[in-house]
>>> print(open('start_0.tsv').read())   # TSV, C-alpha atoms
chain	number	residue	atom	x	y	z
E	1243	VAL	CA	36.22	-74.01	-160.32
E	1244	VAL	CA	35.22	-74.29	-156.66
E	1245	ASN	CA	38.17	-74.04	-154.30
E	1246	LYS	CA	38.59	-72.95	-150.66
E	1247	ASN	CA	42.15	-71.74	-151.19
E	1248	GLY	CA	42.17	-67.94	-151.18
E	1249	HIS	CA	45.00	-67.92	-153.74
E	1250	VAL	CA	42.58	-69.14	-156.40
E	1251	LEU	CA	41.37	-65.52	-156.57
E	1252	ASP	CA	44.88	-64.49	-157.60
E	1253	LEU	CA	44.85	-67.16	-160.32
E	1254	VAL	CA	41.55	-65.79	-161.59
E	1255	ASP	CA	43.07	-62.31	-161.66
E	1256	TYR	CA	46.09	-63.67	-163.60
E	1257	GLU	CA	43.64	-65.39	-166.00
E	1258	LYS	CA	45.10	-68.81	-165.21
E	1259	VAL	CA	41.76	-69.99	-163.79
E	1260	VAL	CA	38.36	-69.28	-165.34
E	1261	PRO	CA	35.44	-69.30	-162.87
E	1262	LYS	CA	32.18	-70.86	-164.07
E	1263	SER	CA	28.64	-71.08	-162.73
E	1264	HIS	CA	26.86	-74.34	-161.82
E	1265	MET	CA	27.00	-77.20	-164.32
E	1266	THR	CA	23.72	-78.10	-165.97
E	1267	GLY	CA	24.89	-81.01	-168.12
E	1268	CYS	CA	27.51	-82.41	-170.46
E	1269	LYS	CA	27.77	-84.09	-173.84
E	1270	ASP	CA	31.00	-85.76	-174.94
E	1271	LYS	CA	33.65	-83.19	-173.93
E	1272	ILE	CA	31.30	-80.20	-173.88
E	1273	ILE	CA	30.26	-79.00	-170.42
E	1274	PHE	CA	27.18	-76.80	-170.12
E	1275	PHE	CA	26.70	-74.22	-167.38
E	1276	GLU	CA	23.98	-71.84	-166.28
E	1277	ASN	CA	23.47	-68.69	-168.36
E	1278	ASN	CA	23.92	-70.74	-171.56
E	1279	ASP	CA	27.69	-70.87	-171.05
E	1280	TYR	CA	29.77	-73.90	-172.08
E	1281	CYS	CA	33.35	-75.09	-172.51
E	1282	GLU	CA	35.34	-78.16	-173.54
E	1283	ALA	CA	36.96	-80.25	-170.79
E	1284	ASP	CA	39.16	-83.36	-170.74
E	1285	LEU	CA	38.57	-84.16	-167.07
E	1286	ILE	CA	35.89	-83.52	-164.42
E	1287	ILE	CA	36.67	-83.99	-160.71
E	1288	ASN	CA	33.59	-84.42	-158.52
E	1289	CYS	CA	34.16	-83.05	-154.98
E	1290	THR	CA	30.90	-84.31	-153.49
E	1291	GLY	CA	32.01	-84.49	-149.85
E	1292	TYR	CA	30.72	-87.13	-147.46
E	1293	LYS	CA	27.94	-87.88	-145.00
E	1294	VAL	CA	28.79	-88.18	-141.32
E	1295	ASN	CA	27.87	-91.66	-140.09
E	1296	LEU	CA	28.95	-92.83	-136.64
E	1297	PRO	CA	26.86	-95.99	-136.02
E	1298	TYR	CA	29.00	-97.10	-133.07
E	1299	LEU	CA	27.93	-94.16	-130.88
E	1300	PRO	CA	25.17	-94.72	-128.29
E	1301	GLU	CA	21.81	-93.47	-129.53
E	1302	ASN	CA	21.73	-90.52	-127.12
E	1303	TYR	CA	25.15	-89.40	-128.40
E	1304	LYS	CA	24.35	-89.46	-132.12
E	1305	PHE	CA	23.87	-86.20	-134.00
E	1306	GLU	CA	22.85	-85.09	-137.47
E	1307	VAL	CA	25.11	-82.09	-138.04
E	1308	ILE	CA	28.37	-80.94	-136.45
E	1309	ARG	CA	26.66	-77.71	-135.39
E	1310	ASP	CA	25.06	-79.79	-132.63
E	1311	MET	CA	28.48	-79.85	-130.94
E	1312	TYR	CA	29.86	-77.10	-128.71
E	1313	LYS	CA	32.20	-74.93	-130.81
E	1314	HIS	CA	31.52	-77.52	-133.54
E	1315	THR	CA	33.84	-79.78	-131.56
E	1316	ILE	CA	32.78	-81.06	-128.11
E	1317	HIS	CA	29.69	-83.12	-127.29
E	1318	PRO	CA	27.58	-81.11	-124.82
E	1319	SER	CA	26.43	-84.25	-122.98
E	1320	ASP	CA	29.93	-85.69	-122.59
E	1321	THR	CA	32.87	-83.29	-122.81
E	1322	THR	CA	35.32	-86.21	-123.08
E	1323	LEU	CA	33.93	-86.83	-126.57
E	1324	SER	CA	35.18	-84.53	-129.31
E	1325	PHE	CA	35.09	-84.32	-133.10
E	1326	ILE	CA	38.05	-82.70	-134.85
E	1327	GLY	CA	38.27	-81.90	-138.54
E	1328	TYR	CA	34.53	-82.10	-139.27
E	1329	ILE	CA	34.11	-78.42	-140.14
E	1330	ARG	CA	35.30	-76.66	-143.25
E	1331	PRO	CA	35.96	-73.00	-143.89
E	1332	VAL	CA	34.43	-71.00	-146.71
E	1333	VAL	CA	38.00	-69.88	-147.48
E	1334	GLY	CA	41.07	-71.40	-145.82
E	1335	SER	CA	42.22	-74.85	-144.81
E	1336	ILE	CA	40.53	-77.60	-142.81
E	1337	ALA	CA	43.92	-78.45	-141.26
E	1338	GLN	CA	44.21	-74.94	-139.85
E	1339	LEU	CA	40.84	-75.28	-138.12
E	1340	ALA	CA	41.64	-78.80	-136.92
E	1341	GLU	CA	44.85	-77.60	-135.28
E	1342	MET	CA	42.95	-74.97	-133.31
E	1343	GLN	CA	40.26	-77.50	-132.38
E	1344	SER	CA	42.99	-79.84	-131.12
E	1345	ARG	CA	44.46	-77.10	-128.94
E	1346	PHE	CA	41.01	-76.26	-127.60
E	1347	VAL	CA	40.19	-79.88	-126.74
E	1348	SER	CA	43.57	-80.55	-125.12
E	1349	MET	CA	43.19	-77.44	-122.96
E	1350	VAL	CA	39.67	-78.45	-121.92
E	1351	TRP	CA	40.81	-81.93	-120.98
E	1352	ALA	CA	43.83	-80.54	-119.13
E	1353	GLY	CA	41.53	-78.28	-117.11
E	1354	LYS	CA	43.02	-75.09	-118.57
E	1355	VAL	CA	39.73	-74.09	-120.20
E	1356	LYS	CA	36.61	-74.43	-118.08
E	1357	LEU	CA	33.29	-75.23	-119.71
E	1358	GLY	CA	29.84	-74.42	-118.40
E	1359	SER	CA	27.03	-76.85	-117.59
E	1360	GLU	CA	25.31	-78.88	-120.32
E	1361	GLU	CA	22.44	-76.38	-120.33
E	1362	GLU	CA	24.85	-73.48	-120.81
E	1363	LEU	CA	26.64	-75.29	-123.64
E	1364	LEU	CA	23.32	-76.05	-125.36
E	1365	ARG	CA	22.31	-72.38	-125.19
E	1366	GLU	CA	25.61	-71.37	-126.81
E	1367	ILE	CA	25.16	-74.05	-129.46
E	1368	GLU	CA	21.71	-72.71	-130.36
E	1369	ALA	CA	23.10	-69.18	-130.60
E	1370	GLU	CA	25.85	-70.43	-132.95
E	1371	LYS	CA	23.28	-72.25	-135.08
E	1372	LEU	CA	21.27	-69.06	-135.47
E	1373	LYS	CA	24.40	-67.12	-136.39
E	1374	TYR	CA	25.43	-69.60	-139.08
E	1375	ARG	CA	21.90	-70.08	-140.37
E	1376	GLU	CA	21.99	-66.40	-141.25
E	1377	PHE	CA	25.52	-66.80	-142.60
E	1378	VAL	CA	24.93	-69.68	-145.04
E	1379	GLN	CA	21.27	-68.76	-145.73
E	1380	THR	CA	20.19	-72.41	-145.93
E	1381	ASP	CA	19.33	-75.41	-143.77
E	1382	ASP	CA	20.95	-77.75	-146.30
E	1383	ALA	CA	22.68	-80.39	-144.15
E	1384	ARG	CA	25.63	-80.46	-146.57
E	1385	LYS	CA	26.42	-76.84	-145.70
E	1386	GLN	CA	25.99	-77.20	-141.94
E	1387	SER	CA	29.72	-77.86	-141.58
E	1388	LEU	CA	30.65	-74.50	-143.15
E	1389	VAL	CA	32.16	-71.79	-140.95
E	1390	GLU	CA	33.74	-68.41	-141.63
E	1391	GLY	CA	37.27	-69.66	-140.99
E	1392	TYR	CA	39.00	-66.54	-139.69
E	1393	ASP	CA	36.10	-65.61	-137.41
E	1394	TYR	CA	36.03	-69.16	-136.06
E	1395	LEU	CA	39.77	-69.23	-135.41
E	1396	ASP	CA	39.70	-65.88	-133.62
E	1397	ASP	CA	36.78	-67.01	-131.45
E	1398	MET	CA	38.57	-70.24	-130.51
E	1399	ALA	CA	41.78	-68.32	-129.85
E	1400	ARG	CA	39.98	-65.99	-127.44
E	1401	THR	CA	38.41	-69.01	-125.74
E	1402	THR	CA	41.81	-70.65	-125.25
E	1403	GLY	CA	43.71	-67.44	-124.45
E	1404	THR	CA	45.85	-67.76	-127.58
E	1405	TYR	CA	44.57	-64.66	-129.38
E	1406	PRO	CA	47.61	-62.35	-129.82
E	1407	ASN	CA	48.18	-59.89	-127.00
E	1408	TYR	CA	49.11	-56.91	-129.16
E	1409	GLU	CA	49.55	-54.61	-126.17
E	1410	ASP	CA	52.14	-56.97	-124.72
E	1411	LEU	CA	53.92	-57.09	-128.07
E	1412	TRP	CA	53.93	-53.28	-128.28
E	1413	ASN	CA	55.42	-53.01	-124.79
E	1414	SER	CA	57.96	-55.73	-125.54
E	1415	SER	CA	59.18	-54.66	-128.98
E	1416	MET	CA	57.79	-52.26	-131.58
E	1417	ARG	CA	59.37	-54.42	-134.30
E	1418	GLU	CA	57.58	-57.53	-133.05
E	1419	TRP	CA	54.31	-55.61	-132.84
E	1420	TYR	CA	54.80	-54.36	-136.42
E	1421	ILE	CA	55.31	-57.89	-137.75
E	1422	ALA	CA	52.32	-59.24	-135.81
E	1423	VAL	CA	50.00	-56.49	-137.04
E	1424	PHE	CA	51.08	-56.10	-140.67
E	1425	ALA	CA	52.08	-59.64	-141.70
E	1426	PRO	CA	49.59	-61.49	-143.94
E	1427	TYR	CA	47.21	-63.75	-142.04
E	1428	ASN	CA	49.04	-66.83	-140.75
E	1429	GLY	CA	48.23	-69.44	-138.11
E	1430	ALA	CA	51.55	-68.66	-136.41
E	1431	MET	CA	49.88	-65.59	-134.91
E	1432	TYR	CA	48.16	-67.86	-132.40
E	1433	ARG	CA	51.58	-68.85	-131.03
E	1434	LEU	CA	52.67	-65.33	-130.17
E	1435	ASN	CA	51.47	-65.38	-126.55
E	1436	ASN	CA	53.76	-68.31	-125.76
E	1437	GLN	CA	57.24	-66.96	-125.05
E	1438	THR	CA	58.78	-70.29	-126.07
E	1439	ASP	CA	57.12	-70.16	-129.51
E	1440	ARG	CA	57.17	-66.40	-130.12
E	1441	ALA	CA	60.51	-66.10	-131.93
E	1442	GLN	CA	59.67	-68.89	-134.39
E	1443	ALA	CA	56.14	-67.55	-134.89
E	1444	LEU	CA	57.47	-64.08	-135.67
E	1445	ALA	CA	60.06	-65.51	-138.08
E	1446	THR	CA	57.30	-67.41	-139.90
E	1447	MET	CA	55.10	-64.33	-140.12
E	1448	GLU	CA	57.98	-62.11	-141.25
E	1449	GLY	CA	58.78	-64.64	-143.99
E	1450	HIS	CA	55.22	-64.28	-145.28
E	1451	MET	CA	55.65	-60.50	-145.46
E	1452	LYS	CA	58.30	-60.79	-148.15
E	1453	GLY	CA	56.92	-59.96	-151.54
E	1454	SER	CA	53.49	-59.10	-150.15
>>> encode(input="start_0.tsv", output="structure tokens")
Amino acid sequence: VVNKNGHVLDLVDYEKVVPKSHMTGCKDKIIFFENNDYCEADLIINCTGYKVNLPYLPENYKFEVIRDMYKHTIHPSDTTLSFIGYIRPVVGSIAQLAEMQSRFVSMVWAGKVKLGSEEELLREIEAEKLKYREFVQTDDARKQSLVEGYDYLDDMARTTGTYPNYEDLWNSSMREWYIAVFAPYNGAMYRLNNQTDRAQALATMEGHMKGS
């Protein structure tokens, strides 16, 4: 089973999901895997992904992989052109990344986040490519949309000023600081700096602490 949801690890631990290696073939209902392993299956779901194809873009705007975009999101030659939801985390949800990308883009377009020149953006893009080339250990185009989700979210949060200000939380309320620091990872943490959203964000995070 290949799944980006971290809870699948719990299901493996509870022996409700059995992990297998790569498939090598099948005959009738028998599925063969590497290491001479096999099992019987009633249904196979192929999650083959898709190829990015944007034929309507001008030639000088077309790109092969989403890593060619600044923060995997904004076109370096035209910052009014953005691509949201094209990256996928190794573990986590695409929607979570897309929400942060949306916040980033809206803040750039509103002038709240300033970007450098095209040359500066291209230098940062190349640095990110090198980082993720070492991370995924392949130039396979299919894997060039993979990011380490939590690292990516934290980086985007720092760029947009939405990374939690733990010192402010400590000075405001030790209880709020405790929830923010010890609650399981949750996207609500990136709402803590906004006073309007803080109470709801803390309530969401506290709810995730129950039973954990």
>>> residues_around(input="start_0.tsv", residues="E:Ser1359", least_positions_apart="6", cutoff="12 Å", atoms="all atoms listed in the file", output="PDB file with C-alpha atoms, keeping the file's coordinate frame")
ATOM      1  CA  TYR E1312      29.860 -77.100-128.710  1.00  0.00           C
ATOM      2  CA  HIS E1317      29.690 -83.120-127.290  1.00  0.00           C
ATOM      3  CA  PRO E1318      27.580 -81.110-124.820  1.00  0.00           C
ATOM      4  CA  SER E1319      26.430 -84.250-122.980  1.00  0.00           C
ATOM      5  CA  ASP E1320      29.930 -85.690-122.590  1.00  0.00           C
ATOM      6  CA  THR E1321      32.870 -83.290-122.810  1.00  0.00           C
ATOM      7  CA  ARG E1365      22.310 -72.380-125.190  1.00  0.00           C
ATOM      8  CA  GLU E1366      25.610 -71.370-126.810  1.00  0.00           C
TER       9      GLU E1366
END
>>> atom_distance(input="start_0.tsv", atom1="atom CA of E:Pro1406", atom2="atom CA of E:Thr1446")
14.9 Å
>>> closest_residue(input="start_0.tsv", among="E:Ile1421, E:Ile1329, E:Leu1434, E:Val1250", to="E:Met1447", atoms="only C-alpha atoms")
E:Ile1421
>>> axis_aligned_box(input="start_0.tsv", around="stretch 1427-1445 of chain E", padding_each_side="3 Å", output="lines of an AutoDock Vina configuration file")
center_x = 53.9
center_y = -67.0
center_z = -133.5
size_x = 19.3
size_y = 12.5
size_z = 23.0
>>> atom_distance(input="start_0.tsv", atom1="atom CA of E:Arg1400", atom2="atom CA of E:Leu1251")
29.2 Å
>>> atom_distance(input="start_0.tsv", atom1="atom CA of E:His1450", atom2="atom CA of E:Asp1393")
20.7 Å
>>> residues_near_point(input="start_0.tsv", point="(45.8, -69.3, -159.8)", cutoff="6 Å", atoms="all atoms listed in the file", output="PyMOL selection string")
chain E and resi 1250+1252-1254+1258-1259
>>> residues_around(input="start_0.tsv", residues="E:Val1355", least_positions_apart="6", cutoff="12 Å", atoms="all atoms listed in the file", output="list in words")
Thr1321, Arg1345, Phe1346, Val1347, Ser1348, Met1349, Met1398, Ala1399, Arg1400, Thr1401, Thr1402, Gly1403 and Thr1404 of chain E
>>> residues_around(input="start_0.tsv", residues="E:Val1378", least_positions_apart="4", cutoff="12 Å", atoms="only C-alpha atoms", output="ChimeraX atom specification")
/E:1331-1332,1371-1374,1382-1390
